[in-house]
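What follows is the content of query.pdb, which has PDB, N, CA and C atoms:
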```pdb
ATOM      1  N   MET A  24    -107.084 -25.917  -0.042
ATOM      2  CA  MET A  24    -107.317 -27.352   0.027
ATOM      3  C   MET A  24    -108.672 -27.604   0.673
ATOM      4  N   ARG A  25    -109.446 -28.437   0.088
ATOM      5  CA  ARG A  25    -110.787 -28.732   0.558
ATOM      6  C   ARG A  25    -110.747 -29.622   1.798
ATOM      7  N   ARG A  26    -111.622 -29.314   2.767
ATOM      8  CA  ARG A  26    -111.683 -30.113   3.995
ATOM      9  C   ARG A  26    -112.668 -31.265   3.832
ATOM     10  N   SER A  27    -112.368 -32.355   4.481
ATOM     11  CA  SER A  27    -113.294 -33.485   4.478
ATOM     12  C   SER A  27    -114.444 -33.184   5.443
ATOM     13  N   GLN A  28    -115.499 -33.963   5.346
ATOM     14  CA  GLN A  28    -116.624 -33.770   6.265
ATOM     15  C   GLN A  28    -116.179 -34.039   7.702
ATOM     16  N   LEU A  29    -115.332 -35.026   7.886
ATOM     17  CA  LEU A  29    -114.827 -35.323   9.223
ATOM     18  C   LEU A  29    -114.092 -34.119   9.798
ATOM     19  N   GLU A  30    -113.259 -33.497   8.988
ATOM     20  CA  GLU A  30    -112.523 -32.314   9.443
ATOM     21  C   GLU A  30    -113.480 -31.173   9.805
ATOM     22  N   MET A  31    -114.515 -30.990   9.008
ATOM     23  CA  MET A  31    -115.498 -29.940   9.309
ATOM     24  C   MET A  31    -116.254 -30.252  10.593
ATOM     25  N   HIS A  32    -116.641 -31.507  10.764
ATOM     26  CA  HIS A  32    -117.353 -31.908  11.982
ATOM     27  C   HIS A  32    -116.486 -31.676  13.215
ATOM     28  N   LEU A  33    -115.230 -32.064  13.133
ATOM     29  CA  LEU A  33    -114.317 -31.870  14.257
ATOM     30  C   LEU A  33    -114.094 -30.389  14.548
ATOM     31  N   LYS A  34    -113.983 -29.586  13.493
ATOM     32  CA  LYS A  34    -113.802 -28.150  13.666
ATOM     33  C   LYS A  34    -115.002 -27.537  14.394
ATOM     34  N   ILE A  35    -116.194 -27.937  14.019
ATOM     35  CA  ILE A  35    -117.417 -27.441  14.666
ATOM     36  C   ILE A  35    -117.430 -27.851  16.137
ATOM     37  N   LEU A  36    -117.093 -29.101  16.420
ATOM     38  CA  LEU A  36    -117.043 -29.561  17.808
ATOM     39  C   LEU A  36    -116.006 -28.776  18.607
ATOM     40  N   GLU A  37    -114.846 -28.530  18.016
ATOM     41  CA  GLU A  37    -113.804 -27.761  18.703
ATOM     42  C   GLU A  37    -114.279 -26.339  19.009
ATOM     43  N   ILE A  38    -114.936 -25.713  18.056
ATOM     44  CA  ILE A  38    -115.437 -24.348  18.253
ATOM     45  C   ILE A  38    -116.452 -24.319  19.383
ATOM     46  N   LEU A  39    -117.409 -25.238  19.347
ATOM     47  CA  LEU A  39    -118.438 -25.269  20.385
ATOM     48  C   LEU A  39    -117.840 -25.593  21.748
ATOM     49  N   ASN A  40    -116.783 -26.380  21.767
ATOM     50  CA  ASN A  40    -116.122 -26.714  23.023
ATOM     51  C   ASN A  40    -115.392 -25.497  23.596
ATOM     52  N   HIS A  41    -114.685 -24.774  22.759
ATOM     53  CA  HIS A  41    -113.870 -23.647  23.240
ATOM     54  C   HIS A  41    -114.677 -22.385  23.506
ATOM     55  N   VAL A  42    -115.658 -22.107  22.662
ATOM     56  CA  VAL A  42    -116.383 -20.845  22.764
ATOM     57  C   VAL A  42    -117.678 -20.999  23.553
ATOM     58  N   GLY A  43    -118.281 -22.175  23.498
ATOM     59  CA  GLY A  43    -119.548 -22.386  24.188
ATOM     60  C   GLY A  43    -120.705 -22.342  23.209
ATOM     61  N   PRO A  44    -121.926 -22.380  23.713
ATOM     62  CA  PRO A  44    -123.098 -22.355  22.826
ATOM     63  C   PRO A  44    -123.083 -21.122  21.920
ATOM     64  N   LEU A  45    -123.338 -21.356  20.633
ATOM     65  CA  LEU A  45    -123.301 -20.277  19.647
ATOM     66  C   LEU A  45    -124.499 -20.333  18.712
ATOM     67  N   LYS A  46    -124.852 -19.156  18.195
ATOM     68  CA  LYS A  46    -125.873 -19.076  17.159
ATOM     69  C   LYS A  46    -125.286 -19.612  15.853
ATOM     70  N   LEU A  47    -126.164 -19.974  14.958
ATOM     71  CA  LEU A  47    -125.767 -20.549  13.676
ATOM     72  C   LEU A  47    -124.762 -19.650  12.943
ATOM     73  N   THR A  48    -125.040 -18.361  12.865
ATOM     74  CA  THR A  48    -124.152 -17.462  12.116
ATOM     75  C   THR A  48    -122.770 -17.361  12.746
ATOM     76  N   HIS A  49    -122.694 -17.446  14.063
ATOM     77  CA  HIS A  49    -121.388 -17.378  14.723
ATOM     78  C   HIS A  49    -120.577 -18.638  14.460
ATOM     79  N   VAL A  50    -121.238 -19.786  14.475
ATOM     80  CA  VAL A  50    -120.538 -21.041  14.143
ATOM     81  C   VAL A  50    -120.065 -20.970  12.693
ATOM     82  N   MET A  51    -120.929 -20.478  11.814
ATOM     83  CA  MET A  51    -120.610 -20.374  10.391
ATOM     84  C   MET A  51    -119.353 -19.524  10.178
ATOM     85  N   ASN A  52    -119.281 -18.395  10.843
ATOM     86  CA  ASN A  52    -118.127 -17.506  10.686
ATOM     87  C   ASN A  52    -116.849 -18.106  11.257
ATOM     88  N   LYS A  53    -116.940 -18.702  12.440
ATOM     89  CA  LYS A  53    -115.746 -19.255  13.077
ATOM     90  C   LYS A  53    -115.234 -20.503  12.357
ATOM     91  N   ALA A  54    -116.154 -21.303  11.797
ATOM     92  CA  ALA A  54    -115.755 -22.528  11.106
ATOM     93  C   ALA A  54    -115.420 -22.283   9.636
ATOM     94  N   ASN A  55    -115.755 -21.081   9.152
ATOM     95  CA  ASN A  55    -115.540 -20.744   7.746
ATOM     96  C   ASN A  55    -116.221 -21.754   6.816
ATOM     97  N   VAL A  56    -117.522 -21.953   7.061
ATOM     98  CA  VAL A  56    -118.333 -22.897   6.302
ATOM     99  C   VAL A  56    -119.582 -22.156   5.839
ATOM    100  N   ASN A  57    -120.042 -22.432   4.614
ATOM    101  CA  ASN A  57    -121.259 -21.760   4.161
ATOM    102  C   ASN A  57    -122.478 -22.299   4.912
ATOM    103  N   CYS A  58    -123.546 -21.543   4.873
ATOM    104  CA  CYS A  58    -124.720 -21.828   5.698
ATOM    105  C   CYS A  58    -125.351 -23.196   5.405
ATOM    106  N   SER A  59    -125.537 -23.523   4.141
ATOM    107  CA  SER A  59    -126.196 -24.794   3.816
ATOM    108  C   SER A  59    -125.361 -25.988   4.255
ATOM    109  N   LEU A  60    -124.052 -25.904   4.060
ATOM    110  CA  LEU A  60    -123.164 -26.987   4.484
ATOM    111  C   LEU A  60    -123.133 -27.088   6.003
ATOM    112  N   LEU A  61    -123.111 -25.945   6.669
ATOM    113  CA  LEU A  61    -123.116 -25.946   8.132
ATOM    114  C   LEU A  61    -124.386 -26.584   8.672
ATOM    115  N   LYS A  62    -125.523 -26.279   8.070
ATOM    116  CA  LYS A  62    -126.789 -26.867   8.519
ATOM    117  C   LYS A  62    -126.757 -28.387   8.374
ATOM    118  N   GLU A  63    -126.177 -28.867   7.275
ATOM    119  CA  GLU A  63    -126.041 -30.322   7.084
ATOM    120  C   GLU A  63    -125.151 -30.920   8.172
ATOM    121  N   CYS A  64    -124.036 -30.259   8.439
ATOM    122  CA  CYS A  64    -123.106 -30.753   9.465
ATOM    123  C   CYS A  64    -123.770 -30.763  10.842
ATOM    124  N   LEU A  65    -124.441 -29.674  11.192
ATOM    125  CA  LEU A  65    -125.093 -29.595  12.500
ATOM    126  C   LEU A  65    -126.219 -30.612  12.616
ATOM    127  N   ASP A  66    -126.935 -30.842  11.516
ATOM    128  CA  ASP A  66    -127.997 -31.849  11.522
ATOM    129  C   ASP A  66    -127.399 -33.229  11.797
ATOM    130  N   PHE A  67    -126.296 -33.556  11.127
ATOM    131  CA  PHE A  67    -125.622 -34.839  11.344
ATOM    132  C   PHE A  67    -125.130 -34.965  12.780
ATOM    133  N   LEU A  68    -124.442 -33.930  13.259
ATOM    134  CA  LEU A  68    -123.893 -33.963  14.619
ATOM    135  C   LEU A  68    -125.004 -34.059  15.664
ATOM    136  N   THR A  69    -126.130 -33.417  15.406
ATOM    137  CA  THR A  69    -127.273 -33.486  16.325
ATOM    138  C   THR A  69    -127.862 -34.884  16.339
ATOM    139  N   LYS A  70    -128.035 -35.475  15.167
ATOM    140  CA  LYS A  70    -128.584 -36.836  15.088
ATOM    141  C   LYS A  70    -127.668 -37.859  15.764
ATOM    142  N   GLN A  71    -126.356 -37.585  15.748
ATOM    143  CA  GLN A  71    -125.401 -38.486  16.394
ATOM    144  C   GLN A  71    -125.314 -38.246  17.898
ATOM    145  N   GLY A  72    -125.951 -37.185  18.382
ATOM    146  CA  GLY A  72    -125.936 -36.880  19.807
ATOM    147  C   GLY A  72    -124.682 -36.140  20.259
ATOM    148  N   LEU A  73    -123.947 -35.552  19.309
ATOM    149  CA  LEU A  73    -122.708 -34.857  19.626
ATOM    150  C   LEU A  73    -122.934 -33.365  19.868
ATOM    151  N   VAL A  74    -124.012 -32.842  19.315
ATOM    152  CA  VAL A  74    -124.384 -31.432  19.445
ATOM    153  C   VAL A  74    -125.868 -31.378  19.757
ATOM    154  N   GLU A  75    -126.267 -30.367  20.519
ATOM    155  CA  GLU A  75    -127.689 -30.185  20.807
ATOM    156  C   GLU A  75    -128.097 -28.747  20.551
ATOM    157  N   GLU A  76    -129.358 -28.591  20.165
ATOM    158  CA  GLU A  76    -129.927 -27.261  19.994
ATOM    159  C   GLU A  76    -130.525 -26.840  21.326
ATOM    160  N   LYS A  77    -130.322 -25.579  21.681
ATOM    161  CA  LYS A  77    -130.906 -25.047  22.908
ATOM    162  C   LYS A  77    -131.605 -23.736  22.575
ATOM    163  N   ILE A  78    -132.647 -23.447  23.319
ATOM    164  CA  ILE A  78    -133.324 -22.163  23.185
ATOM    165  C   ILE A  78    -132.955 -21.329  24.403
ATOM    166  N   ILE A  79    -132.392 -20.155  24.141
ATOM    167  CA  ILE A  79    -131.967 -19.262  25.222
ATOM    168  C   ILE A  79    -132.730 -17.946  25.081
ATOM    169  N   GLY A  80    -133.183 -17.460  26.199
ATOM    170  CA  GLY A  80    -133.864 -16.167  26.181
ATOM    171  C   GLY A  80    -135.143 -16.214  25.365
ATOM    172  N   LYS A  81    -135.330 -15.204  24.548
ATOM    173  CA  LYS A  81    -136.546 -15.088  23.740
ATOM    174  C   LYS A  81    -136.397 -15.824  22.417
ATOM    175  N   GLU A  82    -136.479 -17.130  22.492
ATOM    176  CA  GLU A  82    -136.451 -17.995  21.309
ATOM    177  C   GLU A  82    -135.167 -17.859  20.490
ATOM    178  N   ARG A  83    -134.051 -17.637  21.143
ATOM    179  CA  ARG A  83    -132.763 -17.574  20.454
ATOM    180  C   ARG A  83    -132.168 -18.975  20.421
ATOM    181  N   LYS A  84    -132.054 -19.550  19.227
ATOM    182  CA  LYS A  84    -131.537 -20.913  19.080
ATOM    183  C   LYS A  84    -130.014 -20.887  19.024
ATOM    184  N   VAL A  85    -129.397 -21.709  19.878
ATOM    185  CA  VAL A  85    -127.942 -21.848  19.877
ATOM    186  C   VAL A  85    -127.600 -23.336  19.808
ATOM    187  N   TYR A  86    -126.359 -23.607  19.451
ATOM    188  CA  TYR A  86    -125.870 -24.977  19.366
ATOM    189  C   TYR A  86    -124.773 -25.167  20.403
ATOM    190  N   ALA A  87    -124.821 -26.314  21.087
ATOM    191  CA  ALA A  87    -123.855 -26.609  22.143
ATOM    192  C   ALA A  87    -123.362 -28.044  21.992
ATOM    193  N   ILE A  88    -122.126 -28.270  22.389
ATOM    194  CA  ILE A  88    -121.557 -29.619  22.363
ATOM    195  C   ILE A  88    -122.110 -30.403  23.554
ATOM    196  N   THR A  89    -122.352 -31.685  23.360
ATOM    197  CA  THR A  89    -122.858 -32.547  24.430
ATOM    198  C   THR A  89    -121.693 -33.275  25.110
ATOM    199  N   GLN A  90    -122.009 -34.002  26.162
ATOM    200  CA  GLN A  90    -120.978 -34.804  26.834
ATOM    201  C   GLN A  90    -120.400 -35.845  25.884
ATOM    202  N   LEU A  91    -121.258 -36.452  25.064
ATOM    203  CA  LEU A  91    -120.778 -37.423  24.086
ATOM    204  C   LEU A  91    -119.871 -36.740  23.065
ATOM    205  N   GLY A  92    -120.230 -35.537  22.653
ATOM    206  CA  GLY A  92    -119.397 -34.769  21.730
ATOM    207  C   GLY A  92    -118.025 -34.484  22.315
ATOM    208  N   LEU A  93    -117.993 -34.165  23.609
ATOM    209  CA  LEU A  93    -116.711 -33.930  24.290
ATOM    210  C   LEU A  93    -115.858 -35.195  24.292
ATOM    211  N   LYS A  94    -116.497 -36.343  24.536
ATOM    212  CA  LYS A  94    -115.756 -37.614  24.546
ATOM    213  C   LYS A  94    -115.176 -37.907  23.168
ATOM    214  N   VAL A  95    -115.991 -37.735  22.145
ATOM    215  CA  VAL A  95    -115.537 -38.001  20.776
ATOM    216  C   VAL A  95    -114.387 -37.071  20.409
ATOM    217  N   LEU A  96    -114.513 -35.807  20.753
ATOM    218  CA  LEU A  96    -113.458 -34.840  20.467
ATOM    219  C   LEU A  96    -112.159 -35.226  21.164
ATOM    220  N   GLU A  97    -112.246 -35.646  22.403
ATOM    221  CA  GLU A  97    -111.061 -36.069  23.154
ATOM    222  C   GLU A  97    -110.427 -37.310  22.523
ATOM    223  N   GLN A  98    -111.250 -38.250  22.074
ATOM    224  CA  GLN A  98    -110.713 -39.459  21.448
ATOM    225  C   GLN A  98    -109.991 -39.129  20.147
ATOM    226  N   PHE A  99    -110.513 -38.183  19.381
ATOM    227  CA  PHE A  99    -109.828 -37.776  18.156
ATOM    228  C   PHE A  99    -108.514 -37.074  18.465
ATOM    229  N   ARG A 100    -108.481 -36.307  19.537
ATOM    230  CA  ARG A 100    -107.218 -35.660  19.944
ATOM    231  C   ARG A 100    -106.176 -36.707  20.303
ATOM    232  N   GLU A 101    -106.591 -37.724  21.045
ATOM    233  CA  GLU A 101    -105.670 -38.797  21.420
ATOM    234  C   GLU A 101    -105.180 -39.541  20.184
ATOM    235  N   LEU A 102    -106.072 -39.809  19.260
ATOM    236  CA  LEU A 102    -105.701 -40.498  18.030
ATOM    237  C   LEU A 102    -104.709 -39.661  17.222
ATOM    238  N   LYS A 103    -104.932 -38.366  17.176
ATOM    239  CA  LYS A 103    -104.037 -37.452  16.457
ATOM    240  C   LYS A 103    -102.637 -37.474  17.059
ATOM    241  N   GLU A 104    -102.561 -37.561  18.392
ATOM    242  CA  GLU A 104    -101.259 -37.642  19.056
ATOM    243  C   GLU A 104    -100.562 -38.968  18.755
ATOM    244  N   MET A 105    -101.335 -40.040  18.644
ATOM    245  CA  MET A 105    -100.767 -41.355  18.383
ATOM    246  C   MET A 105    -100.294 -41.494  16.936
ATOM    247  N   LEU A 106    -100.906 -40.738  16.030
ATOM    248  CA  LEU A 106    -100.579 -40.840  14.613
ATOM    249  C   LEU A 106    -100.117 -39.493  14.060
ATOM    250  N   PRO A 107     -98.967 -39.004  14.500
ATOM    251  CA  PRO A 107     -98.521 -37.682  14.055
ATOM    252  C   PRO A 107     -98.249 -37.602  12.562
ATOM    253  N   ILE A 108     -98.051 -38.726  11.903
ATOM    254  CA  ILE A 108     -97.789 -38.718  10.465
ATOM    255  C   ILE A 108     -98.980 -38.154   9.690
ATOM    256  N   ALA A 109    -100.178 -38.263  10.249
ATOM    257  CA  ALA A 109    -101.376 -37.759   9.573
ATOM    258  C   ALA A 109    -101.331 -36.243   9.416
ATOM    259  N   GLU A 110    -100.481 -35.554  10.171
ATOM    260  CA  GLU A 110    -100.360 -34.104  10.084
ATOM    261  C   GLU A 110     -99.571 -33.667   8.852
ATOM    262  N   ASP A 111     -98.724 -34.540   8.319
ATOM    263  CA  ASP A 111     -97.885 -34.197   7.192
ATOM    264  C   ASP A 111     -98.697 -34.352   5.898
ATOM    265  N   PRO A 112     -99.016 -33.245   5.189
ATOM    266  CA  PRO A 112     -99.848 -33.332   3.998
ATOM    267  C   PRO A 112     -99.222 -34.183   2.901
ATOM    268  N   LEU A 113     -97.899 -34.207   2.806
ATOM    269  CA  LEU A 113     -97.260 -35.021   1.774
ATOM    270  C   LEU A 113     -97.464 -36.504   2.051
ATOM    271  N   CYS A 114     -97.370 -36.898   3.304
ATOM    272  CA  CYS A 114     -97.592 -38.302   3.645
ATOM    273  C   CYS A 114     -99.055 -38.666   3.420
ATOM    274  N   TYR A 115     -99.939 -37.741   3.752
ATOM    275  CA  TYR A 115    -101.360 -38.010   3.583
ATOM    276  C   TYR A 115    -101.710 -38.192   2.115
ATOM    277  N   SER A 116    -101.131 -37.364   1.244
ATOM    278  CA  SER A 116    -101.454 -37.466  -0.175
ATOM    279  C   SER A 116    -100.925 -38.767  -0.762
ATOM    280  N   THR A 117     -99.804 -39.276  -0.258
ATOM    281  CA  THR A 117     -99.289 -40.539  -0.773
ATOM    282  C   THR A 117    -100.122 -41.710  -0.295
ATOM    283  N   LEU A 118    -100.733 -41.567   0.891
ATOM    284  CA  LEU A 118    -101.598 -42.630   1.395
ATOM    285  C   LEU A 118    -102.881 -42.708   0.577
ATOM    286  N   ARG A 119    -103.356 -41.571   0.080
ATOM    287  CA  ARG A 119    -104.613 -41.527  -0.661
ATOM    288  C   ARG A 119    -104.438 -42.037  -2.088
ATOM    289  N   ALA A 120    -103.215 -42.001  -2.631
ATOM    290  CA  ALA A 120    -102.975 -42.366  -4.026
ATOM    291  C   ALA A 120    -103.140 -43.841  -4.260
TER     292      ALA A 120
END
```
For this file, produce the structure as structure tokens.
Amino acid sequence: MRRSQLEMHLKILEILNHVGPLKLTHVMNKANVNCSLLKECLDFLTKQGLVEEKIIGKERKVYAITQLGLKVLEQFRELKEMLPIAEDPLCYSTLRA
């Protein structure tokens, strides 16, 4: 089943929150997203202020979640708890029809 962009964005934020700053290839592997799509997602998240690029050591670029990203992630978790019906794929498919 194909993931929505929102689902991919949330997955990236969750990974960066749990694992910490990561290189592009590590985010790509953990999120199971191809490189070009991941770059688009990271570009969007960076422009929104949810993720930031950092240079560590000898010009090693990593991506990290920001404080705003943490807030957004927490709000989505709360929303998910309030709307448990969204977890049921059958209910979701009937809502989309």
What does the PyMOL selection byres ((chain A and resi 77-94) around 7) select in this file, as a PyMOL selection string? chain A and resi 36+39-40+43-47+72-76+95-99
Could you tell me which residues the PyMOL selection byres (((chain A and resi 31 and name CA) around 12) and name CA) returns for this structure, as a list of chain:residue names? A:Arg25, A:Arg26, A:Ser27, A:Gln28, A:Leu29, A:Glu30, A:His32, A:Leu33, A:Lys34, A:Ile35, A:Leu36, A:Glu37, A:Ile38, A:Val50, A:Met51, A:Lys53, A:Ala54, A:Asn55, A:Val56, A:Asn57, A:Leu60, A:Leu61, A:Lys62, A:Glu63, A:Cys64, A:Leu65, A:Phe67, A:Leu68
Per-residue DSSP, chain A, filtered to alpha helix (DSSP H), as a PyMOL selection string: chain A and resi 28-42+47-54+58-70+90-105+112-119
Give, as AutoDock Vina command-line options, the centre coordinates and the x, y and z edge lengths in Å to one decimal for an axis-aligned box around all listed atoms of segment 34-51 of chain A, padded by 8 Å on each side.
```
--center_x -120.0 --center_y -23.5 --center_z 17.2 --size_x 28.4 --size_y 28.2 --size_z 30.0
```
